[in-house]
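Trainee: The following block contains the structure, expressed as structure tokens.
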Amino acid sequence: MNIGVGEALLISLCGFVTVFLLLLFLIVVIKIITAVVVTLQGKDKKSAAPAAQTAAPAAPAPAKEEEKPSKPWDGKLQLIDVDEETAACIMAIISDETDIPLDELQFRRIQAL
């Protein structure tokens with residue numbers, strides 16, 4: 001069975017049209033699903049907001065005083081809102097990432113953000 005050039009072009013055109021129609025269908029389905037998810041998330045946020053408002057307000061955190069750096073560095077490491085174990089891990093990671101021995105690094109202050 002031999003087919004001509006015109007018939008081959010028609011078959012390939014039908015294939016292209018089929019693929020593009022299916023791609024358009026997928027785009028529409030994805031947009032519908034996205035709209036549904038966004039709507040559901042919006043309802044969840046709205047229902048969570050009144051619950052948060054009805055909860056007793058927490059006592060305001062005491063205002064932190066600005067840490068003023070000491071005039072000359074006294075050679076001691078200042079740990080601000082960080083425990084010693086966490087500070088040791090941070091120093092070890094920095095030493096490892098920079099390939100600088102830990103005894104050559106000078107840490108002045110480690111502060112939690």
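Scheme for the structure tokens: letters A, B, ... for chains in order shown; per-chain residue numbers from 1; ligand numbers from 1 in order shown.
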What's around region 96-112 of chain A at 10 Å? Count only C-alpha atoms, leave out sequence neighbours fewer than 6 positions away in its own chain, and write the answer as a list in words.

Mentor: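 Final neighbour list, sorted by chain and number: Pro69, Trp73, Asp74, Gly75, Lys76, Leu77, Gln78, Leu79, Ile80, Asp81, Val82, Asp83, Glu84, Thr86, Ala87 and Ile90 of chain A.
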
Trainee: Mind pulling up the distance from CA of Ile3 (chain A) to CA of Gly15 (chain A)?

Mentor: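 Rounded to one decimal, the two atoms are 16.2 Å apart.
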
Trainee: What does the distance from CA of Glu85 (chain A) to CA of Leu113 (chain A) come to in Å, to one decimal?

Mentor: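 Going from CA of Glu85 (chain A) over to CA of Leu113 (chain A) covers 16.6 Å.
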